[in-house]
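Novice: Below is the structure I would like to discuss, written out as structure tokens.
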Amino acid sequence: MAMDVEEKEQLGFPYWKSVRRTFGPESPFFASGNVERELIAKQVALDLTEDEKNKLQNLVAKECGVFFCPIVGCGSRLTSLEDFEDHYNAQHTASCSICSRVYPTSRLLSIHVSEAHDSFFQAKVARGYAMYECLVEGCSLKFKSYKSRQQHLVDKHKFTTSFEFFKKAHSSKKQRQKLQRKQGTHKREEASCMEVENESIDGLVSAVSKLIQRDKRPDAT
Amino acid sequence: MQKRVNALRELRRLLSRSEFPPVEASLKAGAIPILVQCLSFGSPDEQLLEAAWCLTNIAAGKPEETEALLPALPLLIAHLGERSSLSVSEQCAWALGNVAGEGEKLRNVLLSQGALLPLARMMLPNKGSTVRTAAWALSNLIKGPDPKAATELIRVDGLLDAIVRHLKKADDELTTEVAWVVVYLSALSNVATGMLVKTDVLQLLVERLATSNSLQLLIPVLRSLGNLVAGDPNTTHAVLVPGREITDHVIEVLVKCLNSENRVLKKEAAWVLSNIAAGSVEHKQLIYSSEAVPLLLRLLSTAPFDLRKEVAYVLGNLCVAPTEGDGKPNLICEHLVSLVGRGCLPGFIDLVRSADTEAARVGLQFMELVLRGMPHGEGPKLVEREDGIDAMERFQFHENEDLRNMANGLVDTYFGEDYGLDD
């Protein structure tokens, strides 16, 4: 009987293999463990987190601890030294020394300075060099014009067409001096521009509130 | 400016209601373009914060609502920058985390817009809630299925070091989020796995498994350990070497998980053990002589189906020498005889009877070991006694060709015409 056994075993039986088994992260094997994690795949930021409540309590407790940013022209409301350090780091070190525009990263600030204020940069552009860097860190492409860089952002990085890196919102110092006589109109225009924005937001808020009110009314049966 | 901020705050409050926040209504009323404007560079912090908060809550809703954030993404990403105030960057990270959590398509958009690097940098500091939020957002961003993001993440300067630092901390919530990052890194990227195994991470994961009782934390920590063991042979060859203290501890914590009430911990712990048992002969001996085996034998008879299957893998791996090539594996007779003697055969035969193809296959493979490997030709008799022939004959006309051939092959080989004639 032993000899028969050995012959028949030739026929490709898939023997037990002592091997490691791996699973991809979305494998059904992990499904039950993922259940709770899936619940927080998206998180709503509810009104007043624990941190906020603490800050609020601190604020109420030491009203006199409130102070205002000492930098000329700023005046932001601050509640502690840490808050000031954070605020200073955000608003007063990342700004362009020529036109005061603020950027969230050093890299964007430096790109802005080259593109907006560097005549050497403009000279190279005029001679056809690709000087406009892609804004997305890690993509090292450069372009010959602001517009073509813009197009790249839309095509390759899915930016929306309405994105504008450089908005000509404020006149530069030089222009302001020349336009001194026209300053009156200019200021009003700026103000009305902001008013339009405020109106849009107010309009948004009231539209939303109205819709909520409508939802709350009991159904007419 | 203050008017604008106040209006934004109103909108934010509406969107922060816990019941039925008016997301759809806000979108219909044109919230997104306005919020995008509010995110422009140079806007005051309060404005950025409120706008990002509104976007966070819009993104927390239905898929089409999350997708509505597309125009805002480049700005949200930009405000993650090192020059942003912490509360602004954290709120933006939160919003982006929601977008990444929606699905693969949006994840790819975020990655192509360069979201990974700034989020990764937010994990580098030593303290702050920003680290936790960034870790959570990153775990959503790298979860694939494309492994590219995971491999990119581990290569960020200082990130590996930050992971190790955070795993040492007592902050359970932070460790949980970081552990999930490790889960995805180790599941998707061989590069990441290799790098992680060379650090103290294994030691730290084992320690957390030993000391923590938080299920939220234990699940990703155990799974990270499992992925590291499964994904890289070095884990068992170079780190979890038998004889070292860490190896004993690993087995101890896996036994602790097997003893827990929770199904997920039990099943995944068995899976990890099965992979360690797939290591060297010394690994098999170590597990065989540990307190794991009596527990596993019990579970093989009494546990729910999916756990029994994993346990079967552990026990089977203990009986078979490291597999080389496709031929007949060498048996570790001592283990096989002992485990069969302690009554594991019925459990395997039960798996053969199950409807699950993989389980049936595992059962049949183990039966082959028993039939071939039990000394003095005892195998067939044992199998017959436990109604194994009956279980195999069910596959005679089974629709699955592989199972049919396996079962029929065994029956023909061991229970052919000559069977029983010697008695």
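Within each chain, counting starts at residue 1; across the structure tokens, chains are named A, B, ... in the order shown, with ligands numbered 1 upward in that order.
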I want to know what sits within 12 Å of Ala355 (chain B), based on only C-alpha atoms, with residues of the same chain fewer than 4 positions away left out; could you give that as a PyMOL selection string?
Specialist: chain B and resi 305+350-351+359-361+363+391+394-395+398+400+403
Novice: Would you mind exporting N, CA and C atoms of the selected residues as a PDB file, in the first residue's frame?
Specialist:
ATOM      1  N   PHE B 305     -16.753  31.466  12.886  1.00  0.00           N
ATOM      2  CA  PHE B 305     -16.098  30.924  11.705  1.00  0.00           C
ATOM      3  C   PHE B 305     -14.831  31.659  11.276  1.00  0.00           C
ATOM      4  N   ASP B 350     -14.340  20.283  10.079  1.00  0.00           N
ATOM      5  CA  ASP B 350     -15.464  21.227  10.054  1.00  0.00           C
ATOM      6  C   ASP B 350     -15.280  22.296   8.984  1.00  0.00           C
ATOM      7  N   LEU B 351     -14.026  22.751   8.843  1.00  0.00           N
ATOM      8  CA  LEU B 351     -13.766  23.774   7.836  1.00  0.00           C
ATOM      9  C   LEU B 351     -14.009  23.217   6.441  1.00  0.00           C
ATOM     10  N   ALA B 359     -11.732  28.176   3.222  1.00  0.00           N
ATOM     11  CA  ALA B 359     -11.725  27.352   4.438  1.00  0.00           C
ATOM     12  C   ALA B 359     -11.675  25.876   4.082  1.00  0.00           C
ATOM     13  N   ALA B 360     -12.439  25.493   3.081  1.00  0.00           N
ATOM     14  CA  ALA B 360     -12.463  24.083   2.671  1.00  0.00           C
ATOM     15  C   ALA B 360     -11.083  23.667   2.198  1.00  0.00           C
ATOM     16  N   ARG B 361     -10.449  24.559   1.453  1.00  0.00           N
ATOM     17  CA  ARG B 361      -9.112  24.293   0.938  1.00  0.00           C
ATOM     18  C   ARG B 361      -8.116  24.083   2.079  1.00  0.00           C
ATOM     19  N   GLY B 363      -8.794  23.201   5.113  1.00  0.00           N
ATOM     20  CA  GLY B 363      -9.121  21.942   5.781  1.00  0.00           C
ATOM     21  C   GLY B 363      -8.564  20.752   5.029  1.00  0.00           C
ATOM     22  N   ALA B 391     -16.864  13.972   4.703  1.00  0.00           N
ATOM     23  CA  ALA B 391     -16.694  15.393   4.375  1.00  0.00           C
ATOM     24  C   ALA B 391     -16.069  15.551   2.998  1.00  0.00           C
ATOM     25  N   ARG B 394     -18.313  14.758  -0.129  1.00  0.00           N
ATOM     26  CA  ARG B 394     -19.253  15.799  -0.535  1.00  0.00           C
ATOM     27  C   ARG B 394     -18.756  16.560  -1.750  1.00  0.00           C
ATOM     28  N   PHE B 395     -17.452  16.522  -1.987  1.00  0.00           N
ATOM     29  CA  PHE B 395     -16.905  17.307  -3.086  1.00  0.00           C
ATOM     30  C   PHE B 395     -16.855  16.540  -4.397  1.00  0.00           C
ATOM     31  N   HIS B 398     -18.789  18.422  -6.743  1.00  0.00           N
ATOM     32  CA  HIS B 398     -18.831  19.848  -6.402  1.00  0.00           C
ATOM     33  C   HIS B 398     -18.490  20.691  -7.617  1.00  0.00           C
ATOM     34  N   ASN B 400     -16.755  23.400  -7.776  1.00  0.00           N
ATOM     35  CA  ASN B 400     -15.398  23.951  -7.775  1.00  0.00           C
ATOM     36  C   ASN B 400     -14.403  22.858  -8.138  1.00  0.00           C
ATOM     37  N   LEU B 403     -11.348  22.089  -5.674  1.00  0.00           N
ATOM     38  CA  LEU B 403     -11.723  21.374  -4.459  1.00  0.00           C
ATOM     39  C   LEU B 403     -12.095  19.937  -4.787  1.00  0.00           C
TER      40      LEU B 403
END
Novice: Select from region 62-150 of chain A everything DSSP, run on the backbone, classes as strand (DSSP E or B), then give the selection as a ChimeraX atom specification.
Specialist: /A:67-68,77-78,95,102,132-133,142-143
Novice: Could the residues in this selection be written to a file with C-alpha atoms, as a short mmCIF file (atom, residue, chain, number, x, y, z; two decimals), in the first residue's frame?
Specialist:
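Okay, result.cif is ready:
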data_model
loop_
_atom_site.label_atom_id
_atom_site.label_comp_id
_atom_site.auth_asym_id
_atom_site.auth_seq_id
_atom_site.Cartn_x
_atom_site.Cartn_y
_atom_site.Cartn_z
CA PHE A 67 -4.45 93.14 24.34
CA PHE A 68 -3.91 94.33 20.81
CA ARG A 77 -7.06 91.21 19.24
CA LEU A 78 -4.85 88.82 21.17
CA SER A 95 4.62 89.68 4.31
CA VAL A 102 0.90 88.29 3.12
CA TYR A 132 7.15 81.56 -13.80
CA GLU A 133 7.36 78.64 -11.38
CA LYS A 142 8.48 76.71 -15.14
CA PHE A 143 6.65 78.79 -17.69
#
Novice: Run DSSP on the backbone and tell me which residues of region 124-253 of chain B come out as helix (DSSP H, G or I); list them as a compact mmCIF listing (two decimals) with N, CA, C and O atoms, in the first residue's frame.
Specialist:
# COMPACT_ATOMS: atom_id res chain seq x y z
N SER B 129 -2.69 70.22 19.04
CA SER B 129 -3.76 69.43 18.43
C SER B 129 -3.60 69.41 16.92
O SER B 129 -4.15 68.55 16.24
N THR B 130 -2.81 70.34 16.37
CA THR B 130 -2.58 70.37 14.92
C THR B 130 -1.95 69.06 14.46
O THR B 130 -2.27 68.55 13.39
N VAL B 131 -1.07 68.51 15.30
CA VAL B 131 -0.39 67.27 14.92
C VAL B 131 -1.40 66.16 14.73
O VAL B 131 -1.36 65.40 13.75
N ARG B 132 -2.32 66.07 15.68
CA ARG B 132 -3.33 65.00 15.62
C ARG B 132 -4.22 65.16 14.39
O ARG B 132 -4.49 64.19 13.67
N THR B 133 -4.69 66.39 14.14
CA THR B 133 -5.56 66.62 12.99
C THR B 133 -4.82 66.32 11.70
O THR B 133 -5.38 65.71 10.78
N ALA B 134 -3.55 66.73 11.64
CA ALA B 134 -2.76 66.48 10.42
C ALA B 134 -2.60 64.98 10.20
O ALA B 134 -2.71 64.49 9.08
N ALA B 135 -2.36 64.25 11.29
CA ALA B 135 -2.19 62.80 11.16
C ALA B 135 -3.48 62.16 10.64
O ALA B 135 -3.45 61.29 9.76
N TRP B 136 -4.60 62.61 11.20
CA TRP B 136 -5.89 62.06 10.75
C TRP B 136 -6.09 62.36 9.27
O TRP B 136 -6.45 61.46 8.49
N ALA B 137 -5.84 63.61 8.86
CA ALA B 137 -6.03 63.98 7.46
C ALA B 137 -5.10 63.17 6.56
O ALA B 137 -5.50 62.68 5.50
N LEU B 138 -3.86 62.98 7.00
CA LEU B 138 -2.90 62.21 6.21
C LEU B 138 -3.36 60.76 6.07
O LEU B 138 -3.20 60.17 5.00
N SER B 139 -3.91 60.20 7.15
CA SER B 139 -4.33 58.79 7.06
C SER B 139 -5.39 58.65 5.99
O SER B 139 -5.44 57.66 5.27
N ASN B 140 -6.25 59.67 5.86
CA ASN B 140 -7.25 59.64 4.79
C ASN B 140 -6.60 59.83 3.43
O ASN B 140 -7.03 59.24 2.44
N LEU B 141 -5.58 60.65 3.39
CA LEU B 141 -4.99 61.01 2.11
C LEU B 141 -4.19 59.86 1.49
O LEU B 141 -4.19 59.68 0.27
N LYS B 148 1.43 55.18 -4.20
CA LYS B 148 2.36 56.29 -4.44
C LYS B 148 2.45 57.25 -3.26
O LYS B 148 3.52 57.67 -2.86
N ALA B 149 1.28 57.62 -2.73
CA ALA B 149 1.26 58.62 -1.67
C ALA B 149 1.95 58.11 -0.42
O ALA B 149 2.68 58.85 0.25
N ALA B 150 1.75 56.84 -0.12
CA ALA B 150 2.38 56.26 1.07
C ALA B 150 3.90 56.30 0.94
O ALA B 150 4.61 56.66 1.88
N THR B 151 4.38 55.93 -0.24
CA THR B 151 5.83 55.92 -0.45
C THR B 151 6.39 57.33 -0.39
O THR B 151 7.48 57.56 0.13
N GLU B 152 5.62 58.28 -0.92
CA GLU B 152 6.08 59.67 -0.87
C GLU B 152 6.14 60.17 0.56
O GLU B 152 7.06 60.89 0.95
N LEU B 153 5.15 59.77 1.35
CA LEU B 153 5.08 60.26 2.72
C LEU B 153 6.26 59.82 3.55
O LEU B 153 6.87 60.61 4.27
N ILE B 154 6.63 58.55 3.45
CA ILE B 154 7.71 58.05 4.31
C ILE B 154 9.03 58.70 3.97
O ILE B 154 9.96 58.74 4.78
N LEU B 159 9.87 62.72 8.94
CA LEU B 159 8.57 62.14 9.24
C LEU B 159 8.68 60.83 10.01
O LEU B 159 7.97 60.61 10.99
N LEU B 160 9.59 59.99 9.60
CA LEU B 160 9.75 58.70 10.28
C LEU B 160 10.09 58.94 11.75
O LEU B 160 9.52 58.32 12.65
N ASP B 161 10.99 59.88 11.96
CA ASP B 161 11.39 60.23 13.31
C ASP B 161 10.20 60.74 14.12
O ASP B 161 10.01 60.39 15.29
N ALA B 162 9.35 61.55 13.46
CA ALA B 162 8.17 62.09 14.14
C ALA B 162 7.21 60.97 14.53
O ALA B 162 6.64 60.97 15.63
N ILE B 163 7.04 60.00 13.64
CA ILE B 163 6.17 58.86 13.95
C ILE B 163 6.65 58.15 15.20
O ILE B 163 5.87 57.85 16.11
N VAL B 164 7.94 57.87 15.25
CA VAL B 164 8.50 57.17 16.42
C VAL B 164 8.27 58.00 17.69
O VAL B 164 7.82 57.49 18.72
N ARG B 165 8.54 59.30 17.61
CA ARG B 165 8.34 60.17 18.77
C ARG B 165 6.90 60.14 19.26
O ARG B 165 6.63 60.04 20.45
N HIS B 166 5.95 60.24 18.33
CA HIS B 166 4.55 60.31 18.72
C HIS B 166 4.06 59.00 19.29
O HIS B 166 3.19 58.98 20.17
N LEU B 167 4.59 57.88 18.80
CA LEU B 167 4.15 56.58 19.32
C LEU B 167 4.60 56.38 20.76
O LEU B 167 4.08 55.54 21.47
N ASP B 172 -3.30 59.01 24.02
CA ASP B 172 -3.93 57.93 23.26
C ASP B 172 -4.52 58.40 21.95
O ASP B 172 -4.42 57.71 20.93
N GLU B 173 -5.15 59.58 21.97
CA GLU B 173 -5.81 60.05 20.75
C GLU B 173 -4.79 60.30 19.65
O GLU B 173 -5.01 59.94 18.49
N LEU B 174 -3.68 60.92 20.02
CA LEU B 174 -2.64 61.19 19.03
C LEU B 174 -2.06 59.88 18.51
O LEU B 174 -1.92 59.68 17.30
N THR B 175 -1.76 58.97 19.45
CA THR B 175 -1.17 57.69 19.03
C THR B 175 -2.10 56.93 18.11
O THR B 175 -1.64 56.28 17.16
N THR B 176 -3.40 57.01 18.37
CA THR B 176 -4.35 56.32 17.51
C THR B 176 -4.25 56.82 16.08
O THR B 176 -4.17 56.02 15.14
N GLU B 177 -4.22 58.13 15.91
CA GLU B 177 -4.15 58.67 14.55
C GLU B 177 -2.83 58.30 13.88
O GLU B 177 -2.80 57.92 12.71
N VAL B 178 -1.75 58.41 14.63
CA VAL B 178 -0.45 58.07 14.06
C VAL B 178 -0.40 56.59 13.69
O VAL B 178 0.15 56.21 12.66
N ALA B 179 -1.01 55.75 14.54
CA ALA B 179 -1.04 54.32 14.25
C ALA B 179 -1.76 54.05 12.94
O ALA B 179 -1.33 53.18 12.16
N TRP B 180 -2.85 54.78 12.69
CA TRP B 180 -3.53 54.57 11.41
C TRP B 180 -2.64 54.98 10.24
O TRP B 180 -2.65 54.34 9.19
N VAL B 181 -1.85 56.02 10.41
CA VAL B 181 -0.91 56.38 9.35
C VAL B 181 0.05 55.21 9.11
O VAL B 181 0.31 54.83 7.97
N VAL B 182 0.52 54.61 10.20
CA VAL B 182 1.44 53.48 10.06
C VAL B 182 0.74 52.29 9.39
O VAL B 182 1.34 51.58 8.58
N VAL B 183 -0.53 52.09 9.71
CA VAL B 183 -1.29 51.02 9.07
C VAL B 183 -1.23 51.15 7.56
O VAL B 183 -0.91 50.20 6.84
N TYR B 184 -1.53 52.36 7.07
CA TYR B 184 -1.55 52.53 5.62
C TYR B 184 -0.15 52.53 5.03
O TYR B 184 0.07 52.00 3.94
N LEU B 185 0.79 53.10 5.72
CA LEU B 185 2.17 53.06 5.22
C LEU B 185 2.63 51.61 5.06
O LEU B 185 3.20 51.23 4.04
N SER B 186 2.34 50.80 6.08
CA SER B 186 2.85 49.43 6.06
C SER B 186 2.05 48.52 5.14
O SER B 186 2.55 47.50 4.69
N ALA B 187 0.80 48.89 4.88
CA ALA B 187 -0.01 48.04 4.00
C ALA B 187 0.28 48.32 2.54
O ALA B 187 0.12 47.45 1.69
N LEU B 188 0.70 49.55 2.25
CA LEU B 188 0.78 49.95 0.84
C LEU B 188 2.19 50.07 0.31
O LEU B 188 2.40 49.97 -0.89
N ASN B 190 6.20 49.01 0.38
CA ASN B 190 7.29 48.16 0.85
C ASN B 190 8.45 49.00 1.36
O ASN B 190 9.13 48.63 2.31
N VAL B 191 8.66 50.13 0.70
CA VAL B 191 9.73 51.03 1.13
C VAL B 191 9.48 51.47 2.57
O VAL B 191 10.36 51.43 3.43
N ALA B 192 8.23 51.87 2.81
CA ALA B 192 7.88 52.34 4.16
C ALA B 192 8.05 51.23 5.18
O ALA B 192 8.60 51.44 6.26
N THR B 193 7.58 50.03 4.83
CA THR B 193 7.68 48.91 5.75
C THR B 193 9.14 48.65 6.10
O THR B 193 9.49 48.51 7.28
N GLY B 194 9.98 48.62 5.07
CA GLY B 194 11.40 48.38 5.31
C GLY B 194 12.00 49.40 6.25
O GLY B 194 12.75 49.07 7.17
N MET B 195 11.64 50.68 6.02
CA MET B 195 12.20 51.73 6.87
C MET B 195 11.66 51.65 8.30
O MET B 195 12.39 51.85 9.27
N LEU B 196 10.37 51.37 8.42
CA LEU B 196 9.77 51.30 9.76
C LEU B 196 10.39 50.20 10.59
O LEU B 196 10.66 50.36 11.78
N VAL B 197 10.63 49.05 9.94
CA VAL B 197 11.16 47.90 10.68
C VAL B 197 12.54 48.19 11.27
O VAL B 197 12.91 47.64 12.31
N VAL B 201 9.92 51.19 16.08
CA VAL B 201 8.46 51.13 15.98
C VAL B 201 7.88 49.81 16.47
O VAL B 201 6.89 49.80 17.22
N LEU B 202 8.51 48.71 16.11
CA LEU B 202 7.96 47.41 16.54
C LEU B 202 7.90 47.33 18.05
O LEU B 202 6.89 46.90 18.62
N GLN B 203 8.99 47.74 18.67
CA GLN B 203 9.04 47.71 20.13
C GLN B 203 7.91 48.54 20.72
O GLN B 203 7.20 48.13 21.64
N LEU B 204 7.72 49.74 20.14
CA LEU B 204 6.69 50.65 20.65
C LEU B 204 5.29 50.09 20.45
O LEU B 204 4.42 50.21 21.32
N LEU B 205 5.06 49.47 19.30
CA LEU B 205 3.75 48.89 19.04
C LEU B 205 3.45 47.79 20.04
O LEU B 205 2.36 47.69 20.60
N VAL B 206 4.45 46.96 20.30
CA VAL B 206 4.27 45.87 21.25
C VAL B 206 3.96 46.42 22.64
O VAL B 206 3.07 45.92 23.33
N GLU B 207 4.69 47.46 23.02
CA GLU B 207 4.44 48.04 24.35
C GLU B 207 3.03 48.58 24.48
O GLU B 207 2.37 48.39 25.50
N ARG B 208 2.57 49.27 23.42
CA ARG B 208 1.20 49.80 23.48
C ARG B 208 0.18 48.67 23.58
O ARG B 208 -0.82 48.77 24.29
N LEU B 209 0.40 47.60 22.84
CA LEU B 209 -0.52 46.48 22.90
C LEU B 209 -0.57 45.91 24.30
O LEU B 209 -1.60 45.46 24.77
N ALA B 210 0.58 45.92 24.96
CA ALA B 210 0.64 45.34 26.30
C ALA B 210 -0.06 46.22 27.32
O ALA B 210 -0.73 45.73 28.23
N THR B 211 0.08 47.55 27.19
CA THR B 211 -0.38 48.43 28.26
C THR B 211 -1.74 49.06 28.03
O THR B 211 -2.40 49.49 28.96
N LEU B 215 -9.80 50.22 22.79
CA LEU B 215 -10.03 49.48 21.55
C LEU B 215 -9.66 50.32 20.33
O LEU B 215 -9.08 49.84 19.36
N GLN B 216 -10.00 51.62 20.41
CA GLN B 216 -9.69 52.54 19.31
C GLN B 216 -8.21 52.53 18.98
O GLN B 216 -7.82 52.70 17.83
N LEU B 217 -7.41 52.38 20.01
CA LEU B 217 -5.97 52.40 19.83
C LEU B 217 -5.45 51.03 19.46
O LEU B 217 -4.60 50.88 18.57
N LEU B 218 -5.99 50.00 20.11
CA LEU B 218 -5.46 48.65 19.90
C LEU B 218 -5.62 48.17 18.46
O LEU B 218 -4.74 47.50 17.92
N ILE B 219 -6.74 48.53 17.87
CA ILE B 219 -6.97 48.01 16.51
C ILE B 219 -5.91 48.47 15.52
O ILE B 219 -5.29 47.63 14.86
N PRO B 220 -5.65 49.77 15.38
CA PRO B 220 -4.62 50.13 14.40
C PRO B 220 -3.21 49.72 14.84
O PRO B 220 -2.36 49.44 13.99
N VAL B 221 -2.97 49.65 16.14
CA VAL B 221 -1.63 49.25 16.58
C VAL B 221 -1.39 47.79 16.22
O VAL B 221 -0.34 47.42 15.68
N LEU B 222 -2.39 46.95 16.51
CA LEU B 222 -2.26 45.53 16.18
C LEU B 222 -2.11 45.35 14.68
O LEU B 222 -1.28 44.56 14.19
N ARG B 223 -2.89 46.09 13.94
CA ARG B 223 -2.85 45.93 12.49
C ARG B 223 -1.51 46.40 11.93
O ARG B 223 -0.99 45.82 10.98
N SER B 224 -0.97 47.47 12.50
CA SER B 224 0.36 47.93 12.06
C SER B 224 1.37 46.82 12.26
O SER B 224 2.17 46.50 11.38
N LEU B 225 1.32 46.23 13.46
CA LEU B 225 2.24 45.13 13.75
C LEU B 225 2.04 44.02 12.72
O LEU B 225 3.00 43.50 12.15
N GLY B 226 0.77 43.69 12.47
CA GLY B 226 0.46 42.64 11.51
C GLY B 226 0.99 42.95 10.12
O GLY B 226 1.56 42.09 9.46
N ASN B 227 0.81 44.19 9.68
CA ASN B 227 1.29 44.56 8.35
C ASN B 227 2.80 44.51 8.27
O ASN B 227 3.37 44.11 7.24
N LEU B 228 3.46 44.90 9.35
CA LEU B 228 4.93 44.89 9.32
C LEU B 228 5.45 43.45 9.29
O LEU B 228 6.42 43.15 8.59
N VAL B 229 4.79 42.57 10.04
CA VAL B 229 5.19 41.16 10.02
C VAL B 229 4.91 40.56 8.65
O VAL B 229 5.73 39.85 8.08
N ALA B 230 3.72 40.87 8.11
CA ALA B 230 3.32 40.27 6.84
C ALA B 230 4.11 40.82 5.68
O ALA B 230 4.39 40.11 4.72
N GLY B 231 4.46 42.09 5.75
CA GLY B 231 4.99 42.76 4.57
C GLY B 231 6.48 42.63 4.36
O GLY B 231 6.97 42.84 3.26
N PRO B 233 9.99 40.24 5.26
CA PRO B 233 10.58 39.08 5.93
C PRO B 233 11.57 39.46 7.02
O PRO B 233 11.75 38.72 7.98
N ASN B 234 12.14 40.64 6.90
CA ASN B 234 13.09 41.09 7.92
C ASN B 234 12.49 41.21 9.30
O ASN B 234 13.18 41.10 10.30
N THR B 235 11.18 41.47 9.33
CA THR B 235 10.56 41.64 10.64
C THR B 235 10.77 40.39 11.48
O THR B 235 11.19 40.45 12.63
N THR B 236 10.49 39.22 10.88
CA THR B 236 10.68 38.00 11.65
C THR B 236 12.13 37.51 11.59
O THR B 236 12.62 36.92 12.55
N HIS B 237 12.82 37.78 10.49
CA HIS B 237 14.18 37.27 10.40
C HIS B 237 15.17 38.06 11.22
O HIS B 237 16.11 37.50 11.78
N ALA B 238 14.99 39.39 11.22
CA ALA B 238 16.03 40.22 11.82
C ALA B 238 15.62 40.83 13.17
O ALA B 238 16.46 41.07 14.02
N VAL B 239 14.34 41.10 13.34
CA VAL B 239 13.94 41.78 14.58
C VAL B 239 13.32 40.80 15.58
O VAL B 239 13.77 40.65 16.69
N GLU B 245 13.99 39.09 23.81
CA GLU B 245 12.88 39.48 24.68
C GLU B 245 11.69 39.99 23.88
O GLU B 245 10.54 39.68 24.18
N ILE B 246 11.97 40.77 22.84
CA ILE B 246 10.88 41.37 22.09
C ILE B 246 10.00 40.30 21.47
O ILE B 246 8.77 40.44 21.39
N THR B 247 10.61 39.21 21.05
CA THR B 247 9.84 38.14 20.43
C THR B 247 8.91 37.49 21.43
O THR B 247 7.74 37.20 21.13
N ASP B 248 9.43 37.25 22.65
CA ASP B 248 8.56 36.71 23.69
C ASP B 248 7.40 37.66 23.97
O ASP B 248 6.26 37.23 24.13
N HIS B 249 7.70 38.95 24.01
CA HIS B 249 6.66 39.94 24.28
C HIS B 249 5.61 39.96 23.19
O HIS B 249 4.41 40.10 23.47
N VAL B 250 6.06 39.83 21.95
CA VAL B 250 5.09 39.83 20.86
C VAL B 250 4.10 38.69 21.04
O VAL B 250 2.88 38.89 20.94
N ILE B 251 4.61 37.53 21.34
CA ILE B 251 3.70 36.39 21.53
C ILE B 251 2.78 36.65 22.71
O ILE B 251 1.57 36.37 22.65
N GLU B 252 3.32 37.22 23.77
CA GLU B 252 2.47 37.53 24.93
C GLU B 252 1.33 38.47 24.58
O GLU B 252 0.19 38.24 24.96
N VAL B 253 1.66 39.56 23.86
CA VAL B 253 0.58 40.51 23.56
C VAL B 253 -0.41 39.93 22.57
O VAL B 253 -1.60 40.23 22.62
Novice: What's around Leu111 (chain B) at 12 Å? Count only C-alpha atoms, leave out sequence neighbours fewer than 5 positions away in its own chain, and write the answer as a ChimeraX atom specification.
Specialist: /A:136-139,156-158 /B:73-74,77,96,99-100,104-106,116-119,138,140-144,146-150,152-153
Novice: Pick the closest to Leu339 (chain B) from B:Pro294, B:Pro375, B:Gly128, B:Gly279: which is it, counting only C-alpha atoms?
Specialist: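 Counting only C-alpha atoms, the residue closest to Leu339 (chain B) is B:Pro294.
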Novice: Show me, as number ranges by chain, the residues that have an atom within 10 Å of Cys333 (chain B) when counting only C-alpha atoms, minus same-chain residues fewer than 4 positions from it.
Specialist: B: 318-321, 337-339, 369-370, 373-375
Novice: Here is a test: counting only C-alpha atoms, which residue of A:Leu39, A:Ala126, A:Ala94, A:Cys99 is nearest to chain B?
Specialist: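 Counting only C-alpha atoms, the residue closest to chain B is A:Ala94.
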Novice: With distances taken over only C-alpha atoms, which residue among B:Val281, B:Leu48, B:Leu296, B:Leu35 lies nearest Pro104 (chain A)?
Specialist: B:Leu48
Novice: Mind checking which residues fall within 12 Å of Lys381 (chain B), counting only C-alpha atoms, ignoring those fewer than 6 positions away in the same chain, and posting them as a list in words?
Specialist: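 Within the cut-off, the hits are Leu345, Met367, Val370, Leu371, Arg372, Met374, Pro375, Asp387, Gly388, Ile389, Tyr414, Phe415, Tyr419, Gly420, Asp422 and Asp423 of chain B.
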